[in-house]
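**Q** Shown below is the structure under consideration.
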Amino acid sequence: MSSSSNSFETNFLLKKNFEIVSIFLDYSDWTTALKQVFALVGEHVRVDRIYFFEFHTDPVTQEELTSQRFEWVKNGIEPMLDNPDLQNLPVEIAADFMRPLQDNKPFEAIVRTMPEGNTKEILSSQDILSILVLPIWIEGKMYGFIGFDDCTNERGWKEEELHFLQSITSNLSSAISRRNAMMEVEKKAKELIRINQELEQFAYVASHDLQEPLRMISEFLKLFEKKYADTVDEKGKTYIRYAVEGSVRMKKIILDLLEFSRVGKTKSAMEEVDLEELFNSLKLLYINKIESRNAEVKLINPIKMLTWKSPLEQVLMNLLDNALKYAKPEVQPKIELRMEEEEDQWLFHFSDNGIGIPPQYFDRIFVIFQRLHTKEEYEGSGMGLAITKKIIENMGGRIWLESEHQVGTTFHFSLPKLITR
Ligand code: ADP
């Protein structure tokens with residue numbers, strides 16, 4: 001009889017344990033999850049109060065403190081959560097019950113029979129008759145403890161109850177460490193967003209403010225060139241030419257940086273874009289280069305899509321510009337843009353038969369100012385692909401590439417299908 005009632009109880013507690021694990025696994029709100037778990041445990045182990053204390057360090061004195069963070073009480077029992085005496089308690093104040101916890105053992109007592117002292121006083125002041133406290137350990141360190149008070153009976157704890165409560169405590173530690181890890185990730189994500197915004201702001205302010213002094217330098221260089229052309233010797237003229245070229249390059253860098261920092265800031269309304277029309281207008285912009293190199297520029301399977309027109313135009317312009325720029329000198333450039341529709345996204349494949357990119361540089365080329373060539377070999381600021389990537393990611397897409405050195409390159413990018421409402 002007793003063994004069957006025992007096994008009934010054990011099964012019952014196991015079932016409850018399972019319920020509790022489920023609550024901890026899919027909680028979306030930590031306080032609600034704790035409330036549910038503590039209420040479930042409280043009712044089934046028949047206690048009057050369950051609470052959770054956390055250890056922390058005083059930021060000024062570095063003293064080890066403990067504070068009550070959460071509490072469940074049975075109807076009619078006085079809550080202690082707002083009791084200021086249970087916040088920021090020095091850990092050693094209740095040394096007699098801390099000691100077993102620090103050895104990863106439970107502390108269990110009938111308050112009346114306890115030796116006189118701090119602990120007995122604290123417990124009696126809360127009308128506690130019996131108490132069980134279990135330590136919460138996380139990653140080899142004591143994180144806090146969970147306490148169970150009985151204010152109605154002087155009681156002991158059955159072995160299966162103790163096991164049940166120990167297993168609840170260990171589930172609680174896993175839930176706490178998962179929650180801490182999640183909060184850490186959220187904190188890092190917020191920090192990254194903040195750093196990113198600061199960098200963008202810096203890039204914007206720096207590039208914006210540099211424009212004016214640069215304009216002055218180029219204007220005065222031009223004036224100097226005009227006025228003193230006859231008095232300066234050939235060497236002097238070369239120096240001035242270098243300085244003018246430098247300021248032109250710097251202007252391009254500043255404008256690119258400004259553009260990079262502005263990506264995504266001003267989103268105009270979406271519109272239906274005809275890719276054939278858009279691509280033909282881009283080809284017109286590059287007609288001189290296309291004709292001088294006798295380049296073949298093909299569009300395959302053009303689509304019409306709902307999107308933000310000008311950022312997409314900027315992306316295609318950067319890719320076309322690069323495909324023409326990095327063509328092989330003695331070979332007819334063959335450039336092709338192919339589009340593909342998938343269920344929830346558009347795919348673009350932009351390929352050329354140019355000089356190609358060695359695979360070890362596939363990531364680097366998307367970083368601002370990163371170039372694989374000197375300005376003497378190919379003009380450029382190293383910003384084109386960084387801007388392209390930022391635009392695409394801002395529109396919810398992704399960009400990647402395939403390339404073979406001296407054979408050609410294909411940039412692939414995806415754009416999600418957007419819905420107007
Ligand atoms: P930029 O062209 O101003 O140098 P980008 O950011 O547009 O800057 O490109 C970064 C680098 O990637 C270039 O310096 C070039 O080495 C390489 N690259 C980009 N597009 C191509 C391409 N189609 N073929 C070969 N190399 C390319």
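Identifiers in the structure tokens: chain A, B, ... in order shown; residue index from 1 per chain; ligand index from 1 in order shown.
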I'd like the contact shell of Asp149 (chain A) - 8 Å cut-off, only C-alpha atoms, skipping same-chain residues fewer than 5 positions apart - returned as a list of chain:residue names.
**A** A:Val47, A:Asp48, A:Arg49, A:Ile50, A:Ile128, A:Leu129, A:Ser130, A:Ile131, A:Leu132
**Q** What residues have any atom no more than 8 Å from ligand 1 when counting only C-alpha atoms and all ligand atoms, and can you list them as a CSV table (one decimal) with all heavy atoms, in the first residue's frame?
**A**
```csv
chain,number,residue,atom,x,y,z
A,318,ASN,N,26.9,50.0,-60.2
A,318,ASN,CA,28.2,49.6,-59.7
A,318,ASN,C,28.8,48.3,-60.3
A,318,ASN,O,29.9,48.2,-60.6
A,318,ASN,CB,28.1,49.5,-58.2
A,318,ASN,CG,28.0,50.8,-57.4
A,318,ASN,OD1,28.1,51.8,-58.0
A,318,ASN,ND2,27.6,50.7,-56.2
A,319,LEU,N,27.9,47.4,-60.5
A,319,LEU,CA,28.3,46.1,-61.0
A,319,LEU,C,28.7,46.2,-62.5
A,319,LEU,O,29.7,45.7,-63.0
A,319,LEU,CB,27.2,45.0,-60.9
A,319,LEU,CG,26.9,44.7,-59.4
A,319,LEU,CD1,25.7,43.7,-59.3
A,319,LEU,CD2,28.1,44.1,-58.7
A,320,LEU,N,27.9,47.1,-63.3
A,320,LEU,CA,28.2,47.2,-64.7
A,320,LEU,C,29.6,48.0,-64.8
A,320,LEU,O,30.4,47.7,-65.6
A,320,LEU,CB,27.1,48.0,-65.4
A,320,LEU,CG,27.3,48.3,-66.8
A,320,LEU,CD1,27.4,47.0,-67.6
A,320,LEU,CD2,26.1,49.1,-67.4
A,321,ASP,N,29.7,49.0,-64.0
A,321,ASP,CA,30.9,49.8,-64.0
A,321,ASP,C,32.2,48.9,-63.7
A,321,ASP,O,33.1,49.0,-64.5
A,321,ASP,CB,30.8,50.8,-62.8
A,321,ASP,CG,32.0,51.9,-62.9
A,321,ASP,OD1,31.8,52.8,-63.7
A,321,ASP,OD2,33.0,51.7,-62.2
A,322,ASN,N,32.1,48.0,-62.7
A,322,ASN,CA,33.2,47.1,-62.4
A,322,ASN,C,33.4,46.1,-63.6
A,322,ASN,O,34.5,45.8,-63.9
A,322,ASN,CB,32.9,46.3,-61.2
A,322,ASN,CG,33.2,47.1,-59.9
A,322,ASN,OD1,33.8,48.2,-60.0
A,322,ASN,ND2,32.8,46.7,-58.8
A,323,ALA,N,32.3,45.6,-64.1
A,323,ALA,CA,32.4,44.6,-65.2
A,323,ALA,C,33.2,45.2,-66.4
A,323,ALA,O,34.0,44.5,-67.0
A,323,ALA,CB,31.1,44.0,-65.6
A,324,LEU,N,32.9,46.4,-66.7
A,324,LEU,CA,33.6,47.1,-67.8
A,324,LEU,C,35.0,47.4,-67.4
A,324,LEU,O,36.0,47.3,-68.2
A,324,LEU,CB,32.8,48.4,-68.2
A,324,LEU,CG,31.5,48.1,-68.9
A,324,LEU,CD1,30.7,49.4,-69.0
A,324,LEU,CD2,31.7,47.6,-70.4
A,325,LYS,N,35.2,47.9,-66.2
A,325,LYS,CA,36.5,48.3,-65.7
A,325,LYS,C,37.5,47.1,-65.6
A,325,LYS,O,38.6,47.2,-66.0
A,325,LYS,CB,36.4,49.0,-64.4
A,325,LYS,CG,37.7,49.5,-63.8
A,325,LYS,CD,37.4,50.6,-62.7
A,325,LYS,CE,36.6,50.1,-61.5
A,325,LYS,NZ,36.6,51.1,-60.4
A,326,TYR,N,37.0,46.0,-65.1
A,326,TYR,CA,37.9,44.9,-64.8
A,326,TYR,C,37.8,43.8,-66.0
A,326,TYR,O,38.0,42.7,-65.7
A,326,TYR,CB,37.6,44.3,-63.5
A,326,TYR,CG,37.8,45.3,-62.3
A,326,TYR,CD1,36.8,45.8,-61.6
A,326,TYR,CD2,39.1,45.7,-62.0
A,326,TYR,CE1,37.0,46.8,-60.6
A,326,TYR,CE2,39.3,46.7,-61.1
A,326,TYR,CZ,38.2,47.2,-60.4
A,326,TYR,OH,38.5,48.1,-59.4
A,327,ALA,N,37.5,44.4,-67.2
A,327,ALA,CA,37.6,43.5,-68.4
A,327,ALA,C,39.0,43.2,-68.7
A,327,ALA,O,39.9,43.9,-68.4
A,327,ALA,CB,36.9,44.2,-69.5
A,351,SER,N,27.2,38.6,-64.7
A,351,SER,CA,28.5,37.9,-64.9
A,351,SER,C,29.4,38.6,-66.0
A,351,SER,O,28.8,39.3,-66.9
A,351,SER,CB,28.3,36.5,-65.3
A,351,SER,OG,27.3,36.4,-66.3
A,352,ASP,N,30.7,38.4,-65.9
A,352,ASP,CA,31.6,39.0,-66.9
A,352,ASP,C,32.7,38.0,-67.2
A,352,ASP,O,32.8,37.0,-66.5
A,352,ASP,CB,32.2,40.3,-66.4
A,352,ASP,CG,33.0,40.2,-65.2
A,352,ASP,OD1,33.9,39.3,-65.2
A,352,ASP,OD2,32.8,40.9,-64.2
A,354,GLY,N,35.9,38.9,-67.3
A,354,GLY,CA,37.0,39.8,-67.0
A,354,GLY,C,38.2,39.1,-66.3
A,354,GLY,O,38.3,37.9,-66.3
A,355,ILE,N,38.9,39.9,-65.5
A,355,ILE,CA,40.2,39.4,-64.9
A,355,ILE,C,39.9,38.4,-63.7
A,355,ILE,O,40.8,37.8,-63.3
A,355,ILE,CB,41.1,40.5,-64.5
A,355,ILE,CG1,40.3,41.4,-63.5
A,355,ILE,CG2,41.5,41.4,-65.7
A,355,ILE,CD1,41.2,42.5,-62.8
A,356,GLY,N,38.7,38.4,-63.2
A,356,GLY,CA,38.4,37.5,-62.1
A,356,GLY,C,39.0,38.0,-60.8
A,356,GLY,O,39.8,38.9,-60.7
A,357,ILE,N,38.6,37.3,-59.7
A,357,ILE,CA,39.0,37.6,-58.4
A,357,ILE,C,39.4,36.3,-57.7
A,357,ILE,O,38.7,35.4,-57.6
A,357,ILE,CB,37.8,38.3,-57.6
A,357,ILE,CG1,37.3,39.5,-58.3
A,357,ILE,CG2,38.3,38.6,-56.1
A,357,ILE,CD1,36.0,40.0,-57.8
A,364,ARG,N,36.9,40.3,-48.7
A,364,ARG,CA,37.6,41.6,-48.6
A,364,ARG,C,37.0,42.6,-49.5
A,364,ARG,O,36.9,43.8,-49.2
A,364,ARG,CB,39.1,41.3,-48.9
A,364,ARG,CG,39.9,42.4,-48.3
A,364,ARG,CD,41.3,42.0,-48.3
A,364,ARG,NE,42.1,42.9,-49.2
A,364,ARG,CZ,43.3,42.8,-49.4
A,364,ARG,NH1,44.0,41.8,-48.9
A,364,ARG,NH2,44.0,43.6,-50.2
A,365,ILE,N,36.7,42.2,-50.7
A,365,ILE,CA,36.2,43.2,-51.7
A,365,ILE,C,35.0,44.0,-51.3
A,365,ILE,O,34.7,45.0,-51.9
A,365,ILE,CB,36.0,42.6,-53.1
A,365,ILE,CG1,35.0,41.4,-53.1
A,365,ILE,CG2,37.3,42.2,-53.8
A,365,ILE,CD1,34.6,40.9,-54.4
A,366,PHE,N,34.2,43.4,-50.3
A,366,PHE,CA,33.0,44.1,-49.9
A,366,PHE,C,33.3,45.1,-48.7
A,366,PHE,O,32.3,45.7,-48.2
A,366,PHE,CB,31.9,43.1,-49.4
A,366,PHE,CG,31.4,42.3,-50.6
A,366,PHE,CD1,31.7,40.9,-50.7
A,366,PHE,CD2,30.5,42.8,-51.5
A,366,PHE,CE1,31.2,40.2,-51.8
A,366,PHE,CE2,30.0,42.1,-52.6
A,366,PHE,CZ,30.4,40.7,-52.7
A,367,VAL,N,34.5,45.1,-48.3
A,367,VAL,CA,34.8,46.0,-47.2
A,367,VAL,C,35.2,47.4,-47.7
A,367,VAL,O,35.9,47.5,-48.7
A,367,VAL,CB,36.0,45.4,-46.4
A,367,VAL,CG1,36.4,46.4,-45.2
A,367,VAL,CG2,35.6,44.1,-45.8
A,368,ILE,N,34.8,48.5,-47.0
A,368,ILE,CA,35.0,49.8,-47.5
A,368,ILE,C,36.5,50.1,-47.7
A,368,ILE,O,37.4,49.7,-46.9
A,368,ILE,CB,34.4,51.0,-46.7
A,368,ILE,CG1,34.8,51.0,-45.3
A,368,ILE,CG2,32.9,50.9,-46.8
A,368,ILE,CD1,34.4,52.2,-44.5
A,369,PHE,N,36.9,50.7,-48.8
A,369,PHE,CA,38.2,51.1,-49.2
A,369,PHE,C,39.1,49.9,-49.6
A,369,PHE,O,40.3,50.1,-49.7
A,369,PHE,CB,38.9,52.0,-48.1
A,369,PHE,CG,38.2,53.3,-47.9
A,369,PHE,CD1,38.0,53.7,-46.6
A,369,PHE,CD2,37.8,54.1,-48.9
A,369,PHE,CE1,37.3,54.9,-46.3
A,369,PHE,CE2,37.2,55.3,-48.7
A,369,PHE,CZ,36.9,55.7,-47.4
A,370,GLN,N,38.6,48.7,-49.6
A,370,GLN,CA,39.5,47.6,-49.9
A,370,GLN,C,39.5,47.4,-51.4
A,370,GLN,O,38.5,47.2,-52.1
A,370,GLN,CB,39.0,46.3,-49.3
A,370,GLN,CG,39.1,46.3,-47.8
A,370,GLN,CD,40.5,46.2,-47.3
A,370,GLN,OE1,41.4,45.7,-48.0
A,370,GLN,NE2,40.7,46.8,-46.1
A,371,ARG,N,40.7,47.5,-52.0
A,371,ARG,CA,40.9,47.3,-53.4
A,371,ARG,C,42.0,46.3,-53.7
A,371,ARG,O,42.8,46.0,-52.8
A,371,ARG,CB,41.4,48.6,-54.1
A,371,ARG,CG,40.6,49.8,-53.7
A,371,ARG,CD,40.8,51.0,-54.6
A,371,ARG,NE,40.4,50.6,-56.0
A,371,ARG,CZ,41.0,50.9,-57.1
A,371,ARG,NH1,42.2,51.6,-57.0
A,371,ARG,NH2,40.6,50.5,-58.3
A,372,LEU,N,41.9,45.6,-54.8
A,372,LEU,CA,42.9,44.6,-55.1
A,372,LEU,C,44.0,45.2,-56.1
A,372,LEU,O,44.9,44.5,-56.4
A,372,LEU,CB,42.3,43.4,-55.7
A,372,LEU,CG,41.1,42.8,-54.9
A,372,LEU,CD1,40.6,41.5,-55.6
A,372,LEU,CD2,41.5,42.5,-53.5
A,373,HIS,N,43.8,46.4,-56.5
A,373,HIS,CA,44.7,47.0,-57.4
A,373,HIS,C,45.1,48.4,-57.0
A,373,HIS,O,44.5,49.0,-56.2
A,373,HIS,CB,44.0,47.1,-58.8
A,373,HIS,CG,43.4,45.8,-59.3
A,373,HIS,ND1,44.2,44.8,-59.9
A,373,HIS,CD2,42.2,45.3,-59.1
A,373,HIS,CE1,43.4,43.8,-60.1
A,373,HIS,NE2,42.2,44.0,-59.7
A,378,TYR,N,44.0,50.5,-62.1
A,378,TYR,CA,42.5,50.7,-62.3
A,378,TYR,C,42.1,51.8,-61.4
A,378,TYR,O,42.4,51.8,-60.2
A,378,TYR,CB,41.7,49.5,-61.9
A,378,TYR,CG,42.0,48.3,-62.8
A,378,TYR,CD1,42.9,47.3,-62.4
A,378,TYR,CD2,41.4,48.1,-64.1
A,378,TYR,CE1,43.1,46.2,-63.2
A,378,TYR,CE2,41.6,47.0,-64.9
A,378,TYR,CZ,42.5,46.0,-64.4
A,378,TYR,OH,42.7,44.9,-65.2
A,379,GLU,N,41.4,52.8,-61.9
A,379,GLU,CA,40.8,53.9,-61.1
A,379,GLU,C,39.8,53.3,-60.1
A,379,GLU,O,39.1,52.3,-60.4
A,379,GLU,CB,40.1,54.9,-62.0
A,379,GLU,CG,40.9,56.1,-62.5
A,379,GLU,CD,41.4,56.9,-61.3
A,379,GLU,OE1,40.7,57.1,-60.4
A,379,GLU,OE2,42.6,57.4,-61.4
A,380,GLY,N,39.6,54.0,-59.0
A,380,GLY,CA,38.5,53.5,-58.1
A,380,GLY,C,38.8,53.9,-56.7
A,380,GLY,O,40.0,54.2,-56.3
A,381,SER,N,37.8,53.9,-55.9
A,381,SER,CA,38.0,54.2,-54.5
A,381,SER,C,37.8,53.0,-53.5
A,381,SER,O,38.0,53.2,-52.3
A,381,SER,CB,36.9,55.3,-54.1
A,381,SER,OG,35.6,54.7,-54.2
A,382,GLY,N,37.4,51.9,-54.1
A,382,GLY,CA,37.2,50.7,-53.2
A,382,GLY,C,35.9,50.8,-52.4
A,382,GLY,O,35.8,50.1,-51.4
A,383,MET,N,35.0,51.6,-52.8
A,383,MET,CA,33.7,51.8,-52.1
A,383,MET,C,32.6,51.1,-52.8
A,383,MET,O,31.5,50.9,-52.2
A,383,MET,CB,33.4,53.3,-51.9
A,383,MET,CG,34.3,54.0,-50.9
A,383,MET,SD,34.0,53.4,-49.3
A,383,MET,CE,32.4,54.1,-48.9
A,384,GLY,N,32.7,50.9,-54.1
A,384,GLY,CA,31.6,50.5,-55.0
A,384,GLY,C,30.9,49.2,-54.4
A,384,GLY,O,29.6,49.2,-54.2
A,385,LEU,N,31.6,48.2,-54.1
A,385,LEU,CA,31.0,47.0,-53.6
A,385,LEU,C,30.5,47.1,-52.2
A,385,LEU,O,29.5,46.4,-51.8
A,385,LEU,CB,32.0,45.8,-53.8
A,385,LEU,CG,32.2,45.3,-55.2
A,385,LEU,CD1,33.2,44.2,-55.3
A,385,LEU,CD2,30.8,44.8,-55.9
A,386,ALA,N,31.2,47.9,-51.4
A,386,ALA,CA,30.7,48.1,-50.0
A,386,ALA,C,29.3,48.8,-50.1
A,386,ALA,O,28.4,48.3,-49.3
A,386,ALA,CB,31.7,48.9,-49.2
A,387,ILE,N,29.2,49.8,-50.9
A,387,ILE,CA,27.9,50.4,-51.1
A,387,ILE,C,26.9,49.5,-51.6
A,387,ILE,O,25.8,49.4,-51.1
A,387,ILE,CB,28.0,51.7,-52.0
A,387,ILE,CG1,28.9,52.7,-51.4
A,387,ILE,CG2,26.7,52.2,-52.4
A,387,ILE,CD1,29.3,53.9,-52.2
A,408,GLY,N,36.7,35.0,-65.2
A,408,GLY,CA,35.5,35.9,-65.1
A,408,GLY,C,34.8,35.8,-63.7
A,408,GLY,O,35.2,35.0,-62.9
A,409,THR,N,33.8,36.6,-63.5
A,409,THR,CA,33.2,36.8,-62.2
A,409,THR,C,31.7,36.8,-62.4
A,409,THR,O,31.2,37.4,-63.3
A,409,THR,CB,33.6,38.1,-61.6
A,409,THR,OG1,35.1,38.1,-61.5
A,409,THR,CG2,33.1,38.2,-60.1
A,410,THR,N,31.0,36.2,-61.5
A,410,THR,CA,29.5,36.3,-61.4
A,410,THR,C,29.2,36.8,-60.0
A,410,THR,O,29.5,36.1,-59.0
A,410,THR,CB,28.8,35.0,-61.7
A,410,THR,OG1,29.2,34.6,-63.0
A,410,THR,CG2,27.3,35.2,-61.7
A,411,PHE,N,28.5,38.0,-60.0
A,411,PHE,CA,27.9,38.4,-58.7
A,411,PHE,C,26.5,38.0,-58.7
A,411,PHE,O,25.8,38.2,-59.6
A,411,PHE,CB,28.0,39.9,-58.6
A,411,PHE,CG,29.4,40.4,-58.2
A,411,PHE,CD1,30.3,40.9,-59.2
A,411,PHE,CD2,29.8,40.5,-56.9
A,411,PHE,CE1,31.5,41.3,-58.9
A,411,PHE,CE2,31.1,40.9,-56.6
A,411,PHE,CZ,32.0,41.3,-57.6
```
**Q** Quick one: DSSP alpha helix (DSSP H) residues in region 356-421 of chain A, as a list in words?
**A**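 Of region 356-421 of chain A, only Gly384, Leu385, Ala386, Ile387, Thr388, Lys389, Lys390, Ile391, Ile392, Glu393 and Asn394 of chain A fall in alpha helix (DSSP H).
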**Q** Within 9 Å of region 358-363 of chain A, counting only C-alpha atoms, which residues show up once you throw out same-chain ones fewer than 3 positions away? Write them as a PDB file with N, CA, C and O atoms, in the first residue's frame, please.
**A**
```
ATOM      1  N   PHE A 366      34.216  43.426 -50.332  1.00  0.00           N
ATOM      2  CA  PHE A 366      32.991  44.112 -49.894  1.00  0.00           C
ATOM      3  C   PHE A 366      33.258  45.092 -48.747  1.00  0.00           C
ATOM      4  O   PHE A 366      32.332  45.733 -48.250  1.00  0.00           O
ATOM      5  N   VAL A 367      34.510  45.147 -48.297  1.00  0.00           N
ATOM      6  CA  VAL A 367      34.836  46.025 -47.169  1.00  0.00           C
ATOM      7  C   VAL A 367      35.212  47.412 -47.707  1.00  0.00           C
ATOM      8  O   VAL A 367      35.885  47.508 -48.741  1.00  0.00           O
ATOM      9  N   LEU A 372      41.913  45.621 -54.819  1.00  0.00           N
ATOM     10  CA  LEU A 372      42.932  44.608 -55.109  1.00  0.00           C
ATOM     11  C   LEU A 372      43.985  45.152 -56.064  1.00  0.00           C
ATOM     12  O   LEU A 372      44.911  44.459 -56.433  1.00  0.00           O
ATOM     13  N   TRP A 400      26.616  37.598 -53.067  1.00  0.00           N
ATOM     14  CA  TRP A 400      27.760  36.697 -52.997  1.00  0.00           C
ATOM     15  C   TRP A 400      28.328  36.564 -54.409  1.00  0.00           C
ATOM     16  O   TRP A 400      27.758  37.123 -55.363  1.00  0.00           O
ATOM     17  N   LEU A 401      29.450  35.870 -54.549  1.00  0.00           N
ATOM     18  CA  LEU A 401      30.035  35.791 -55.881  1.00  0.00           C
ATOM     19  C   LEU A 401      30.706  34.457 -56.146  1.00  0.00           C
ATOM     20  O   LEU A 401      31.025  33.704 -55.226  1.00  0.00           O
ATOM     21  N   GLU A 402      30.878  34.227 -57.443  1.00  0.00           N
ATOM     22  CA  GLU A 402      31.700  33.107 -57.890  1.00  0.00           C
ATOM     23  C   GLU A 402      32.688  33.743 -58.853  1.00  0.00           C
ATOM     24  O   GLU A 402      32.304  34.623 -59.630  1.00  0.00           O
ATOM     25  N   SER A 403      33.924  33.302 -58.805  1.00  0.00           N
ATOM     26  CA  SER A 403      34.868  33.920 -59.722  1.00  0.00           C
ATOM     27  C   SER A 403      36.065  33.014 -59.940  1.00  0.00           C
ATOM     28  O   SER A 403      36.445  32.250 -59.043  1.00  0.00           O
ATOM     29  N   GLU A 404      36.598  33.092 -61.129  1.00  0.00           N
ATOM     30  CA  GLU A 404      37.818  32.346 -61.386  1.00  0.00           C
ATOM     31  C   GLU A 404      38.830  33.338 -61.943  1.00  0.00           C
ATOM     32  O   GLU A 404      38.503  34.102 -62.874  1.00  0.00           O
ATOM     33  N   HIS A 405      39.999  33.319 -61.336  1.00  0.00           N
ATOM     34  CA  HIS A 405      41.028  34.269 -61.727  1.00  0.00           C
ATOM     35  C   HIS A 405      41.305  34.135 -63.224  1.00  0.00           C
ATOM     36  O   HIS A 405      41.494  33.034 -63.730  1.00  0.00           O
ATOM     37  N   GLN A 406      41.271  35.255 -63.906  1.00  0.00           N
ATOM     38  CA  GLN A 406      41.524  35.331 -65.358  1.00  0.00           C
ATOM     39  C   GLN A 406      40.448  34.659 -66.221  1.00  0.00           C
ATOM     40  O   GLN A 406      40.636  34.507 -67.416  1.00  0.00           O
TER      41      GLN A 406
END
```
**Q** For Pro302 (chain A), which residue out of A:Ala206, A:Leu347, A:Met270, A:Met182 is the nearest one, using only C-alpha atoms?
**A**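 Of the candidates, the smallest distance to Pro302 (chain A) is held by A:Leu347.
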**Q** Please determine, counting only C-alpha atoms, which residue among A:Glu108, A:Tyr228, A:Glu116, A:Glu63 has the shortest atom-to-atom distance to Glu92 (chain A).
**A**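 Between A:Glu108, A:Tyr228, A:Glu116, A:Glu63, the residue approaching Glu92 (chain A) most closely is A:Glu63.
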**Q** Just want the 10 Å neighbourhood of Ile240 (chain A), counted on only C-alpha atoms, with same-chain residues fewer than 4 positions away dropped. Output as a tab-separated table (two decimals) with N, CA and C atoms, in the first residue's frame.
**A**
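Once everything was written out, this is around26.tsv:
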```
chain	number	residue	atom	x	y	z
A	221	LEU	N	44.14	75.71	-56.43
A	221	LEU	CA	45.11	75.06	-57.31
A	221	LEU	C	44.83	75.45	-58.76
A	222	LYS	N	43.55	75.46	-59.10
A	222	LYS	CA	43.18	75.83	-60.47
A	222	LYS	C	43.56	77.27	-60.75
A	224	PHE	N	45.88	79.00	-59.29
A	224	PHE	CA	47.34	79.07	-59.34
A	224	PHE	C	47.83	78.63	-60.73
A	225	GLU	N	47.24	77.52	-61.21
A	225	GLU	CA	47.63	76.96	-62.51
A	225	GLU	C	47.40	78.00	-63.61
A	232	VAL	N	55.85	79.07	-63.93
A	232	VAL	CA	56.24	77.80	-63.28
A	232	VAL	C	56.93	76.90	-64.30
A	234	GLU	N	58.48	73.14	-65.82
A	234	GLU	CA	57.79	71.86	-66.11
A	234	GLU	C	57.58	71.03	-64.85
A	235	LYS	N	58.64	70.99	-64.03
A	235	LYS	CA	58.55	70.21	-62.79
A	235	LYS	C	57.42	70.74	-61.91
A	236	GLY	N	57.35	72.07	-61.80
A	236	GLY	CA	56.30	72.72	-61.00
A	236	GLY	C	54.93	72.37	-61.54
A	244	VAL	N	46.24	68.40	-58.31
A	244	VAL	CA	44.86	68.49	-58.82
A	244	VAL	C	44.27	67.08	-58.92
A	245	GLU	N	45.05	66.14	-59.46
A	245	GLU	CA	44.55	64.76	-59.59
A	245	GLU	C	44.20	64.18	-58.22
A	246	GLY	N	45.07	64.49	-57.26
A	246	GLY	CA	44.84	64.00	-55.88
A	246	GLY	C	43.54	64.54	-55.32
```
**Q** Return the single residue from A:Met80, A:Met114, A:Val273, A:Leu257 that is closest to Leu312 (chain A), with distances computed using only C-alpha atoms.
**A**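 The answer is A:Val273, which sits nearest to Leu312 (chain A).
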**Q** For each of A:Met216, A:Asn180, A:Leu199, A:Asp233, take the minimum atom-to-atom distance to Leu258 (chain A), counting only C-alpha atoms, then give the residue where this is smallest.
**A**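 Distance minimum relative to Leu258 (chain A) lands on A:Leu199.
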**Q** Would you work out the distance separating CA of Pro135 (chain A) from CA of Phe52 (chain A), expressed in Å to one decimal?
**A**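 The value is 9.8 Å.
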**Q** Write out as JSON, numbers by chain each polymer residue whose atoms come within 9 Å of Asp344 (chain A), counting only C-alpha atoms; drop sequence neighbours fewer than 4 positions from it.
**A** {"A": [415, 416, 417, 418]}
**Q** With N, CA, C and O atoms retained, could you export that selection as a PDB file, in the first residue's frame?
**A**
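Output file out_19.pdb is given in full below:
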```pdb
ATOM      1  N   LEU A 415      16.827  39.552 -53.810  1.00  0.00           N
ATOM      2  CA  LEU A 415      15.988  40.598 -53.225  1.00  0.00           C
ATOM      3  C   LEU A 415      14.647  39.964 -52.883  1.00  0.00           C
ATOM      4  O   LEU A 415      14.048  39.311 -53.742  1.00  0.00           O
ATOM      5  N   PRO A 416      14.192  40.143 -51.666  1.00  0.00           N
ATOM      6  CA  PRO A 416      12.907  39.510 -51.317  1.00  0.00           C
ATOM      7  C   PRO A 416      11.764  40.159 -52.078  1.00  0.00           C
ATOM      8  O   PRO A 416      11.824  41.339 -52.397  1.00  0.00           O
ATOM      9  N   LYS A 417      10.741  39.368 -52.363  1.00  0.00           N
ATOM     10  CA  LYS A 417       9.559  39.946 -53.007  1.00  0.00           C
ATOM     11  C   LYS A 417       8.836  40.768 -51.956  1.00  0.00           C
ATOM     12  O   LYS A 417       8.605  40.293 -50.849  1.00  0.00           O
ATOM     13  N   LEU A 418       8.511  41.975 -52.300  1.00  0.00           N
ATOM     14  CA  LEU A 418       7.904  42.862 -51.302  1.00  0.00           C
ATOM     15  C   LEU A 418       6.423  43.053 -51.586  1.00  0.00           C
ATOM     16  O   LEU A 418       5.992  43.003 -52.725  1.00  0.00           O
TER      17      LEU A 418
END
```
**Q** How far is it from CA of Gln197 (chain A) to CA of Glu259 (chain A), in Å with one decimal?
**A**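 Rounded to one decimal, the two atoms are 14.7 Å apart.
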**Q** What residues in region 263-408 of chain A get the DSSP label strand (DSSP E)? Please answer as a PyMOL selection string.
**A** chain A and resi 271-274+296-300+304-307+334-341+345-352+398-404+408
**Q** Near region 330-334 of chain A, within 6 Å and counting only C-alpha atoms, which residues show up once chain neighbours fewer than 6 positions away are dropped, as an MDAnalysis selection string?
**A** chainID A and resid 295:296 352:353
**Q** Generate a file of the selected residues that holds C-alpha atoms, formatted as an mmCIF file, in the first residue's frame.
**A**
```cif
data_model
loop_
_atom_site.group_PDB
_atom_site.id
_atom_site.type_symbol
_atom_site.label_atom_id
_atom_site.label_comp_id
_atom_site.auth_asym_id
_atom_site.auth_seq_id
_atom_site.Cartn_x
_atom_site.Cartn_y
_atom_site.Cartn_z
ATOM 1 C CA ALA A 295 31.512 44.986 -75.325
ATOM 2 C CA GLU A 296 28.561 42.644 -75.553
ATOM 3 C CA ASP A 352 31.566 38.998 -66.909
ATOM 4 C CA ASN A 353 34.541 37.381 -68.604
#
```
**Q** For Leu282 (chain A), please output as a VMD selection string all residues within 12 Å (counting only C-alpha atoms; exclusion window: fewer than 4 positions along the same chain).
**A** chain A and resid 275 to 278 286 to 290 297 299 310 312 to 321
